[in-house]
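What follows is the content of structure38.cif (mmCIF, C-alpha atoms).
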data_work
loop_
_atom_site.label_atom_id
_atom_site.label_comp_id
_atom_site.auth_asym_id
_atom_site.auth_seq_id
_atom_site.Cartn_x
_atom_site.Cartn_y
_atom_site.Cartn_z
CA MET I 1 -40.06 -96.61 46.62
CA GLN I 2 -39.03 -98.07 49.96
CA VAL I 3 -41.96 -97.99 52.39
CA ALA I 4 -41.82 -98.88 56.08
CA VAL I 5 -45.17 -99.84 57.58
CA VAL I 6 -45.50 -99.52 61.36
CA ALA I 7 -48.20 -101.92 62.55
CA PRO I 8 -47.78 -103.59 65.96
CA GLU I 9 -50.36 -106.28 65.14
CA THR I 10 -50.91 -107.94 61.78
CA THR I 11 -53.48 -110.46 60.58
CA PRO I 12 -52.25 -113.54 62.49
CA LEU I 13 -52.49 -111.67 65.82
CA ALA I 14 -55.18 -109.03 65.29
CA ASP I 15 -58.91 -109.42 65.82
CA ALA I 16 -60.50 -110.98 62.74
CA ASP I 17 -62.81 -107.97 62.40
CA ASP I 18 -60.03 -105.37 62.64
CA ARG I 19 -60.53 -103.53 59.37
CA ALA I 20 -57.70 -101.07 60.06
CA VAL I 21 -55.22 -103.95 60.09
CA ALA I 22 -56.78 -105.51 56.99
CA ARG I 23 -56.54 -102.14 55.21
CA VAL I 24 -52.88 -101.53 56.00
CA GLU I 25 -51.90 -105.06 54.94
CA ARG I 26 -53.90 -104.77 51.72
CA THR I 27 -52.10 -101.49 51.00
CA ALA I 28 -48.74 -103.15 51.63
CA ARG I 29 -49.58 -106.00 49.24
CA SER I 30 -50.79 -103.60 46.55
CA LEU I 31 -47.63 -101.50 46.76
CA ALA I 32 -45.43 -104.62 46.64
CA ALA I 33 -47.36 -105.84 43.57
CA ARG I 34 -46.39 -102.57 41.88
CA GLY I 35 -42.72 -103.31 42.46
CA HIS I 36 -42.11 -101.28 45.60
CA ASP I 37 -40.04 -102.45 48.57
CA VAL I 38 -42.42 -102.77 51.53
CA THR I 39 -41.44 -103.85 55.05
CA VAL I 40 -44.02 -104.20 57.82
CA TYR I 41 -42.55 -103.71 61.31
CA CYS I 42 -44.74 -105.87 63.52
CA THR I 43 -44.98 -108.30 66.40
CA GLY I 44 -43.49 -111.58 65.17
CA TRP I 45 -46.09 -114.33 64.94
CA TRP I 46 -44.25 -117.11 63.12
CA SER I 47 -42.17 -118.43 66.05
CA ASP I 48 -41.87 -118.04 69.81
CA ARG I 49 -38.06 -118.07 69.53
CA LEU I 50 -37.38 -115.08 67.29
CA ASP I 51 -34.50 -112.68 67.42
CA TYR I 52 -35.00 -109.12 66.28
CA THR I 53 -33.39 -109.55 62.87
CA GLU I 54 -35.80 -112.23 61.65
CA THR I 55 -38.18 -111.61 58.80
CA ARG I 56 -40.95 -113.46 57.01
CA GLU I 57 -41.98 -112.97 53.37
CA ARG I 58 -45.70 -113.05 52.56
CA ASP I 59 -47.45 -111.87 49.38
CA GLY I 60 -44.36 -109.97 48.30
CA VAL I 61 -44.17 -108.07 51.61
CA THR I 62 -41.37 -108.40 54.18
CA TYR I 63 -42.57 -108.73 57.79
CA ARG I 64 -39.91 -107.73 60.32
CA ALA I 65 -40.20 -108.91 63.93
CA VAL I 66 -39.83 -105.90 66.23
CA THR I 67 -40.83 -107.89 69.30
CA VAL I 68 -41.92 -111.46 69.92
CA SER I 69 -44.95 -110.95 72.12
CA PRO I 70 -47.49 -108.13 72.47
CA ALA I 71 -44.99 -106.27 74.69
CA THR I 72 -45.93 -102.81 73.50
CA THR I 73 -43.27 -101.01 75.51
CA SER I 74 -40.42 -102.86 73.80
CA TYR I 75 -42.12 -102.51 70.40
CA HIS I 76 -42.39 -98.73 70.70
CA ALA I 77 -38.85 -98.44 72.06
CA ARG I 78 -37.31 -100.38 69.16
CA ILE I 79 -39.16 -98.74 66.26
CA PRO I 80 -37.15 -95.45 66.06
CA ALA I 81 -33.76 -97.16 65.74
CA LEU I 82 -35.05 -99.70 63.21
CA LEU I 83 -36.46 -96.96 60.99
CA ALA I 84 -33.33 -94.84 61.34
CA THR I 85 -31.23 -97.79 60.17
CA ALA I 86 -33.55 -98.74 57.29
CA ARG I 87 -33.87 -95.16 55.99
CA PRO I 88 -37.12 -95.71 54.04
CA ASP I 89 -38.52 -93.17 51.60
CA ALA I 90 -41.80 -93.05 53.51
CA VAL I 91 -43.12 -94.30 56.85
CA HIS I 92 -46.74 -95.49 56.89
CA ALA I 93 -48.23 -95.97 60.38
CA ILE I 94 -51.48 -97.58 61.45
CA ASP I 95 -53.89 -95.70 63.75
CA ASP I 96 -52.28 -96.72 67.04
CA PRO I 97 -51.34 -93.46 68.84
CA SER I 98 -48.31 -94.85 70.69
CA ALA I 99 -47.02 -96.52 67.53
CA VAL I 100 -47.53 -93.28 65.60
CA LEU I 101 -45.45 -91.31 68.09
CA ALA I 102 -42.67 -93.90 67.96
CA ALA I 103 -42.86 -93.86 64.17
CA ARG I 104 -42.57 -90.06 64.22
CA THR I 105 -39.22 -90.28 66.04
CA GLY I 106 -38.00 -92.95 63.63
CA ALA I 107 -39.17 -91.07 60.55
CA THR I 108 -37.41 -87.92 61.75
CA LEU I 109 -34.17 -89.84 62.25
CA ALA I 110 -34.57 -91.44 58.82
CA ARG I 111 -35.46 -88.07 57.24
CA ALA I 112 -38.61 -89.61 55.82
CA PRO I 113 -42.20 -88.31 55.83
CA LEU I 114 -44.71 -89.90 58.20
CA VAL I 115 -48.13 -90.81 56.77
CA VAL I 116 -50.73 -92.02 59.28
CA ASP I 117 -53.67 -94.15 58.10
CA TRP I 118 -56.42 -93.08 60.52
CA PHE I 119 -59.28 -95.50 60.02
CA GLY I 120 -61.66 -94.51 62.80
CA GLU I 121 -61.98 -92.63 66.05
CA GLY I 122 -58.99 -94.06 67.89
CA PRO I 123 -59.08 -95.51 71.39
CA PRO I 124 -61.81 -93.76 73.45
CA GLY I 125 -60.36 -91.24 75.89
CA ASP I 126 -56.75 -91.83 74.83
CA PRO I 127 -54.91 -88.52 75.45
CA LEU I 128 -52.32 -89.46 72.80
CA VAL I 129 -54.81 -89.37 69.90
CA GLY I 130 -54.53 -85.61 69.33
CA PRO I 131 -50.71 -85.49 69.54
CA ALA I 132 -50.41 -88.55 67.28
CA LEU I 133 -52.57 -86.96 64.60
CA ARG I 134 -50.78 -83.62 64.75
CA VAL I 135 -47.23 -85.01 64.36
CA ALA I 136 -48.00 -86.68 61.02
CA ASP I 137 -46.94 -85.09 57.75
CA ARG I 138 -50.17 -86.44 56.27
CA VAL I 139 -53.18 -88.06 57.92
CA VAL I 140 -55.17 -90.29 55.59
CA ALA I 141 -58.83 -91.10 56.24
CA PRO I 142 -61.01 -93.63 54.41
CA SER I 143 -63.89 -91.18 53.98
CA GLU I 144 -64.87 -87.53 54.29
CA LEU I 145 -66.65 -88.43 57.53
CA VAL I 146 -63.38 -89.49 59.15
CA ARG I 147 -61.44 -86.67 57.51
CA THR I 148 -63.80 -84.20 59.20
CA ARG I 149 -63.22 -85.88 62.56
CA VAL I 150 -59.47 -85.71 62.00
CA ARG I 151 -59.63 -81.99 61.24
CA GLU I 152 -61.69 -81.46 64.40
CA ARG I 153 -58.72 -82.95 66.29
CA GLY I 154 -56.48 -80.16 65.05
CA VAL I 155 -55.03 -81.50 61.80
CA PRO I 156 -54.75 -78.71 59.20
CA GLU I 157 -56.90 -79.11 56.10
CA ASN I 158 -53.90 -79.40 53.77
CA ARG I 159 -52.51 -82.35 55.76
CA ALA I 160 -55.73 -84.38 55.93
CA ARG I 161 -56.42 -86.54 52.86
CA VAL I 162 -58.93 -89.20 51.80
CA VAL I 163 -57.85 -92.53 50.34
CA PRO I 164 -60.81 -94.92 50.15
CA GLU I 165 -60.97 -98.62 50.83
CA ALA I 166 -60.04 -100.81 47.86
CA ILE I 167 -61.63 -103.81 46.16
CA ASP I 168 -60.38 -106.40 43.67
CA PHE I 169 -62.20 -105.77 40.40
CA GLU I 170 -60.84 -108.93 38.77
CA ARG I 171 -62.41 -110.90 41.60
CA VAL I 172 -65.73 -109.18 40.93
CA ARG I 173 -65.62 -110.18 37.27
CA ALA I 174 -64.54 -113.76 37.98
CA VAL I 175 -67.38 -114.78 40.33
CA GLU I 176 -70.53 -116.24 38.79
CA PRO I 177 -73.87 -114.89 40.06
CA VAL I 178 -76.00 -117.26 42.15
CA ALA I 179 -78.55 -119.25 40.18
CA ASP I 180 -81.57 -118.13 42.23
CA PRO I 181 -81.07 -114.36 42.44
CA PRO I 182 -82.59 -112.24 45.21
CA ASP I 183 -84.11 -108.92 44.21
CA VAL I 184 -82.76 -107.15 47.28
CA VAL I 185 -79.67 -107.88 49.36
CA ALA I 186 -78.21 -106.36 52.52
CA ALA I 187 -74.96 -107.27 54.27
CA THR I 188 -73.82 -106.16 57.70
CA ARG I 189 -72.96 -107.40 61.16
CA LEU I 190 -76.31 -108.12 62.78
CA ASP I 191 -76.08 -106.04 65.93
CA ALA I 192 -77.99 -103.06 67.29
CA ASP I 193 -76.14 -100.69 64.94
CA ALA I 194 -77.18 -102.67 61.85
CA ASN I 195 -80.54 -100.87 61.90
CA LEU I 196 -81.90 -103.68 59.73
CA GLU I 197 -85.43 -102.92 60.87
CA SER I 198 -85.46 -100.07 58.32
CA VAL I 199 -84.91 -102.55 55.48
CA LEU I 200 -87.50 -104.99 56.83
CA LEU I 201 -90.12 -102.27 57.30
CA GLY I 202 -89.49 -100.98 53.79
CA LEU I 203 -89.83 -104.49 52.35
CA ALA I 204 -93.01 -105.10 54.33
CA GLU I 205 -94.63 -102.17 52.55
CA LEU I 206 -94.01 -104.06 49.31
CA ARG I 207 -95.65 -107.32 50.41
CA ASN I 208 -98.19 -107.05 47.57
CA ARG I 209 -95.38 -107.13 45.01
CA ASP I 210 -93.27 -110.09 43.89
CA TRP I 211 -89.81 -109.92 45.46
CA SER I 212 -87.22 -111.85 47.49
CA ALA I 213 -84.45 -110.62 49.75
CA THR I 214 -81.25 -112.06 51.23
CA ILE I 215 -79.60 -110.79 54.42
CA ILE I 216 -75.89 -111.61 54.68
CA GLY I 217 -74.16 -111.44 58.05
CA ASP I 218 -74.42 -112.70 61.60
CA GLY I 219 -74.31 -111.28 65.07
CA PRO I 220 -76.05 -110.98 68.43
CA ALA I 221 -79.21 -109.40 67.00
CA ARG I 222 -79.85 -112.02 64.31
CA GLU I 223 -82.71 -113.74 66.16
CA GLN I 224 -84.31 -110.37 66.86
CA TYR I 225 -84.29 -109.50 63.14
CA GLU I 226 -85.59 -112.94 62.19
CA ARG I 227 -88.49 -112.47 64.62
CA GLN I 228 -89.21 -109.05 63.18
CA ALA I 229 -89.38 -110.51 59.65
CA ALA I 230 -91.85 -113.11 60.94
CA ASP I 231 -93.92 -110.47 62.75
CA LEU I 232 -94.12 -108.49 59.49
CA SER I 233 -95.22 -111.64 57.63
CA ILE I 234 -92.33 -111.47 55.19
CA ASP I 235 -90.16 -114.26 56.63
CA ASP I 236 -91.08 -116.54 53.71
CA ARG I 237 -89.41 -114.08 51.34
CA VAL I 238 -86.39 -113.03 53.43
CA THR I 239 -83.44 -115.43 53.67
CA PHE I 240 -80.92 -114.95 56.49
CA ALA I 241 -77.82 -116.46 54.86
CA GLY I 242 -75.34 -115.99 57.70
CA ASP I 243 -71.75 -114.79 57.47
CA LEU I 244 -70.68 -115.82 53.95
CA PRO I 245 -67.11 -115.77 52.56
CA ARG I 246 -66.21 -113.04 50.06
CA ASP I 247 -66.80 -114.95 46.82
CA GLU I 248 -70.24 -116.13 47.96
CA ARG I 249 -71.14 -112.56 48.88
CA LEU I 250 -70.06 -111.38 45.44
CA ALA I 251 -72.13 -114.11 43.80
CA HIS I 252 -75.23 -112.75 45.60
CA TYR I 253 -74.35 -109.12 44.79
CA ARG I 254 -73.88 -109.87 41.09
CA ALA I 255 -77.27 -111.57 41.00
CA ALA I 256 -79.24 -109.00 43.04
CA HIS I 257 -80.66 -105.76 41.72
CA VAL I 258 -80.71 -103.60 44.88
CA PHE I 259 -78.35 -103.35 47.86
CA CYS I 260 -79.73 -101.69 51.01
CA GLN I 261 -77.35 -99.98 53.45
CA THR I 262 -78.77 -98.83 56.80
CA ALA I 263 -76.02 -99.34 59.43
CA ARG I 264 -75.67 -96.47 61.88
CA ASP I 265 -71.86 -96.57 62.26
CA GLU I 266 -69.68 -97.03 59.16
CA VAL I 267 -66.39 -95.21 58.61
CA PHE I 268 -66.40 -96.73 55.12
CA ALA I 269 -69.21 -98.90 53.72
CA ILE I 270 -67.06 -101.61 52.15
CA GLU I 271 -69.91 -104.08 51.52
CA LEU I 272 -71.86 -101.36 49.75
CA LEU I 273 -68.82 -100.66 47.55
CA TRP I 274 -68.47 -104.34 46.60
CA ALA I 275 -72.20 -104.47 45.79
CA LEU I 276 -72.12 -101.31 43.67
CA ALA I 277 -69.16 -102.72 41.75
CA CYS I 278 -71.27 -105.83 41.13
CA GLY I 279 -73.92 -103.68 39.46
CA CYS I 280 -76.38 -103.28 42.33
CA VAL I 281 -78.44 -100.13 42.65
CA GLY I 282 -77.51 -98.68 46.07
CA VAL I 283 -80.19 -97.58 48.53
CA VAL I 284 -78.57 -95.86 51.52
CA GLU I 285 -80.39 -94.63 54.59
CA TYR I 286 -78.54 -91.55 55.81
CA GLN I 287 -76.95 -91.88 59.26
CA ALA I 288 -74.95 -89.15 61.01
CA ASP I 289 -72.15 -91.57 61.96
CA SER I 290 -71.95 -93.38 58.63
CA ALA I 291 -70.01 -92.49 55.48
CA ALA I 292 -72.11 -94.80 53.29
CA HIS I 293 -73.98 -91.95 51.59
CA GLU I 294 -70.67 -90.70 50.17
CA LEU I 295 -70.63 -93.68 47.79
CA VAL I 296 -74.02 -92.91 46.22
CA GLU I 297 -73.96 -89.11 46.11
CA ARG I 298 -74.06 -87.91 42.51
CA ARG I 299 -74.46 -91.51 41.25
CA THR I 300 -77.32 -92.32 38.90
CA ARG I 301 -77.62 -95.89 40.25
CA GLY I 302 -77.93 -94.80 43.85
CA PHE I 303 -80.47 -93.38 46.29
CA ARG I 304 -79.95 -91.54 49.58
CA VAL I 305 -83.03 -91.91 51.77
CA SER I 306 -84.12 -91.04 55.30
CA THR I 307 -86.98 -93.37 56.30
CA PRO I 308 -88.26 -96.92 55.73
CA GLU I 309 -90.96 -95.39 53.50
CA ASP I 310 -88.19 -93.85 51.41
CA ILE I 311 -86.52 -97.27 51.16
CA GLU I 312 -89.75 -98.72 49.83
CA GLY I 313 -89.98 -96.02 47.17
CA ALA I 314 -86.32 -96.31 46.20
CA ILE I 315 -86.59 -100.09 45.73
CA VAL I 316 -89.57 -99.58 43.42
CA GLU I 317 -87.79 -96.82 41.48
CA ALA I 318 -84.64 -98.94 41.21
CA GLY I 319 -86.67 -101.38 39.14
CA GLU I 320 -86.46 -98.88 36.27
CA PHE I 321 -82.69 -99.38 35.99
CA PRO I 322 -81.28 -102.15 33.78
CA GLU I 323 -79.81 -105.28 35.38
CA TRP I 324 -76.02 -105.07 35.66
CA THR I 325 -73.46 -107.57 36.98
CA VAL I 326 -70.54 -105.13 37.03
CA ASP I 327 -70.19 -101.34 37.12
CA GLU I 328 -66.98 -100.39 35.33
CA SER I 329 -67.21 -96.78 36.56
CA LEU I 330 -66.06 -97.98 39.99
CA GLU I 331 -62.67 -99.21 38.78
CA ALA I 332 -61.22 -96.14 40.50
CA PHE I 333 -61.62 -98.20 43.70
CA ASP I 334 -59.60 -101.15 42.37
CA GLU I 335 -56.60 -102.09 44.53
CA ASP I 336 -54.08 -100.96 41.92
CA ALA I 337 -55.71 -97.57 41.43
CA VAL I 338 -55.94 -96.98 45.20
CA ALA I 339 -52.27 -97.97 45.60
CA GLY I 340 -51.55 -95.13 43.18
CA GLN I 341 -53.35 -92.75 45.52
CA TRP I 342 -51.15 -93.86 48.42
CA LEU I 343 -48.03 -93.14 46.34
CA ASP I 344 -49.39 -89.68 45.56
CA VAL I 345 -49.83 -89.06 49.29
CA TYR I 346 -46.26 -90.20 50.08
CA ARG I 347 -44.88 -87.84 47.44
CA ALA I 348 -47.04 -84.94 48.63
CA ALA I 349 -45.71 -85.58 52.14
CA GLY I 350 -42.10 -85.39 50.93
CA ALA I 351 -41.06 -88.83 49.64
CA PRO I 352 -38.52 -88.43 46.84
CA GLU I 353 -39.84 -88.40 43.28
CA SER I 354 -36.59 -89.84 41.93
CA ARG I 355 -37.11 -93.10 43.80
CA ALA I 356 -40.80 -93.47 43.07
CA GLY I 357 -40.34 -96.74 41.18
CA SER I 358 -43.00 -98.02 38.82
CA GLY I 359 -45.97 -96.88 40.86
CA THR I 360 -47.40 -93.96 38.96
CA GLY I 361 -50.88 -92.98 38.07
CA GLY I 362 -54.00 -93.82 40.01
CA VAL I 363 -56.81 -91.52 40.98
CA ALA I 364 -55.86 -88.24 42.57
CA PRO I 365 -56.55 -88.22 46.31
CA THR I 366 -59.04 -85.81 47.79
CA GLU I 367 -57.45 -82.71 49.21
#
Translate this structure into structure tokens?
Amino acid sequence: MQVAVVAPETTPLADADDRAVARVERTARSLAARGHDVTVYCTGWWSDRLDYTETRERDGVTYRAVTVSPATTSYHARIPALLATARPDAVHAIDDPSAVLAARTGATLARAPLVVDWFGEGPPGDPLVGPALRVADRVVAPSELVRTRVRERGVPENRARVVPEAIDFERVRAVEPVADPPDVVAATRLDADANLESVLLGLAELRNRDWSATIIGDGPAREQYERQAADLSIDDRVTFAGDLPRDERLAHYRAAHVFCQTARDEVFAIELLWALACGCVGVVEYQADSAAHELVERRTRGFRVSTPEDIEGAIVEAGEFPEWTVDESLEAFDEDAVAGQWLDVYRAAGAPESRAGSGTGGVAPTE
């Protein structure tokens, strides 16, 4: 299948924490690894003297320079003609309303379906959000939480789908657990929304038991949380490890027994997913603006709780589960399986079956 990805900014130019960009590029790589022809139409980053026919190959994906600088007007103006000329089987657009509307014109000219990967809320107050969502043949959300928000914007139920975030299961298996394992681990950006006080209060209630905990992540509220651990007299058992790279995080997850998730705002709890895949028992404090609970609902090795007291009880109860370093039941979230879900969405939106290439199978997307 020939897939055109419309993403004004890619990794070299986007904010390092932009998970929507990371998701669309990971999807492009996964599709290319399955033998599909994927071109990302982006702002060129590899030279300041590009013309508009230049491309760059990376991880099996072709990156096409639509414009040379973040000149959004020229980017949006050029996209329709480029897509009309390329005539892809499917157009996959990131959640940038102006880019989506430009992609809609190009997809119409190319007679290709438009699939929009809507990762979050969209720019606050942007009047183009609603129109951008409604012109898509399919809107894909990472979780039921976001899918509900999309439907509230006027997208019909049969055009709103869920395709989750993906993880690399081979990477999970390859990393060795740390030698000195913590009993409990949590990982999040340490800001006001981390709500880490719930974890610390729950742990403090267990001070008469033998345990250790590691907090992974950094942010403006780190000192505040460190002070709270000291005030609760558990700072000698809680290690603040900072912002670790992926393999070091996995080494901690594979060694730990419990992962605590308390953040107030999560469109998809990716660190929780990695930890569950590493065999952790998940303890998730329910939050109205977080989709984290979706990953532990109906799972034996998972608890959905509401208070720090509940966290305390769940950690104790989790001790009854055997120690695991991998949970094979979560292979449905592997990058290859999730790429199969994207292909299913393209076909449901109208991409031709006859040119579907080698990418078949995967887990059926949520309707």
Can you list, as a ChimeraX atom specification, the residues that the PyMOL selection byres ((chain I and resi 261-271) around 8) selects here?
/I:119-120,142-143,145-146,164-165,186-188,193-196,198-199,259-260,272-275,282-292
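Atom to atom, CA of Ala174 (chain I) and CA of His36 (chain I) stand 26.8 Å apart.
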Using the chain letters and numbers from the file, give me the residues hit by the PyMOL selection byres ((chain I and resi 96) around 9), as a VMD selection string.
chain I and resid 7 to 8 93 to 95 97 to 101 118 122 to 123 129 132
To test your reading of the syntax: which residues would the PyMOL selection byres ((chain I and resi 330) around 9) return for the file shown? Reply as a list of chain:residue names.
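With the PyMOL selection byres ((chain I and resi 330) around 9) on this model, the match is I:Phe169, I:Leu273, I:Leu276, I:Ala277, I:Val326, I:Asp327, I:Glu328, I:Ser329, I:Glu331, I:Ala332, I:Phe333, I:Asp334.
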Work out how far apart CA of Leu232 (chain I) and CA of Leu200 (chain I) are and give it in Å to one decimal.
7.9 Å
Need to verify the contact set: Ala84 (chain I), 12 Å, all atoms listed in the file, exclusion of same-chain residues closer than 3 positions in sequence. Can you return it as a PDB file with C-alpha atoms, in the coordinates of the input?
ATOM      1  CA  ALA I   4     -41.820 -98.880  56.080  1.00  0.00           C
ATOM      2  CA  ARG I  78     -37.310-100.380  69.160  1.00  0.00           C
ATOM      3  CA  ILE I  79     -39.160 -98.740  66.260  1.00  0.00           C
ATOM      4  CA  PRO I  80     -37.150 -95.450  66.060  1.00  0.00           C
ATOM      5  CA  ALA I  81     -33.760 -97.160  65.740  1.00  0.00           C
ATOM      6  CA  ARG I  87     -33.870 -95.160  55.990  1.00  0.00           C
ATOM      7  CA  PRO I  88     -37.120 -95.710  54.040  1.00  0.00           C
ATOM      8  CA  ASP I  89     -38.520 -93.170  51.600  1.00  0.00           C
ATOM      9  CA  ALA I  90     -41.800 -93.050  53.510  1.00  0.00           C
ATOM     10  CA  VAL I  91     -43.120 -94.300  56.850  1.00  0.00           C
ATOM     11  CA  ALA I 102     -42.670 -93.900  67.960  1.00  0.00           C
ATOM     12  CA  ALA I 103     -42.860 -93.860  64.170  1.00  0.00           C
ATOM     13  CA  ARG I 104     -42.570 -90.060  64.220  1.00  0.00           C
ATOM     14  CA  THR I 105     -39.220 -90.280  66.040  1.00  0.00           C
ATOM     15  CA  GLY I 106     -38.000 -92.950  63.630  1.00  0.00           C
ATOM     16  CA  ALA I 107     -39.170 -91.070  60.550  1.00  0.00           C
ATOM     17  CA  THR I 108     -37.410 -87.920  61.750  1.00  0.00           C
ATOM     18  CA  LEU I 109     -34.170 -89.840  62.250  1.00  0.00           C
ATOM     19  CA  ALA I 110     -34.570 -91.440  58.820  1.00  0.00           C
ATOM     20  CA  ARG I 111     -35.460 -88.070  57.240  1.00  0.00           C
ATOM     21  CA  ALA I 112     -38.610 -89.610  55.820  1.00  0.00           C
TER      22      ALA I 112
END
Which protein, DNA or RNA residues have an atom at most 12 Å from (-52.9, -76.5, 56.0), counting all atoms listed in the file? List them as a short mmCIF file (atom, residue, chain, number, x, y, z; two decimals) with C-alpha atoms, keeping the file's coordinate frame.
data_model
loop_
_atom_site.label_atom_id
_atom_site.label_comp_id
_atom_site.auth_asym_id
_atom_site.auth_seq_id
_atom_site.Cartn_x
_atom_site.Cartn_y
_atom_site.Cartn_z
CA ARG I 134 -50.78 -83.62 64.75
CA ASP I 137 -46.94 -85.09 57.75
CA ARG I 138 -50.17 -86.44 56.27
CA VAL I 139 -53.18 -88.06 57.92
CA ARG I 151 -59.63 -81.99 61.24
CA GLY I 154 -56.48 -80.16 65.05
CA VAL I 155 -55.03 -81.50 61.80
CA PRO I 156 -54.75 -78.71 59.20
CA GLU I 157 -56.90 -79.11 56.10
CA ASN I 158 -53.90 -79.40 53.77
CA ARG I 159 -52.51 -82.35 55.76
CA ALA I 160 -55.73 -84.38 55.93
CA ARG I 161 -56.42 -86.54 52.86
CA GLU I 367 -57.45 -82.71 49.21
#
I want to know what sits within 9 Å of Arg29 (chain I), based on all atoms listed in the file, with residues of the same chain fewer than 4 positions away left out; could you give that as a ChimeraX atom specification?
/I:24-25,33-34,38,58-61
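Interatomic distance, CA of Thr27 (chain I) against CA of Val338 (chain I): 8.3 Å.
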Hey, which of I:Ala230, I:Val184, I:Val305, I:Ile216 ends up closest to Pro245 (chain I)? Count all atoms listed in the file.
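Distance minimum relative to Pro245 (chain I) lands on I:Ile216.
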Using all atoms listed in the file, determine which residues lie at most 10 Å from region 235-242 of chain I, disregarding the query and same-chain residues fewer than 2 positions distant; provide the list as an MDAnalysis selection string.
chainID I and resid 182 184:190 200 203:204 207 210:219 222:223 225:233 244:245 249
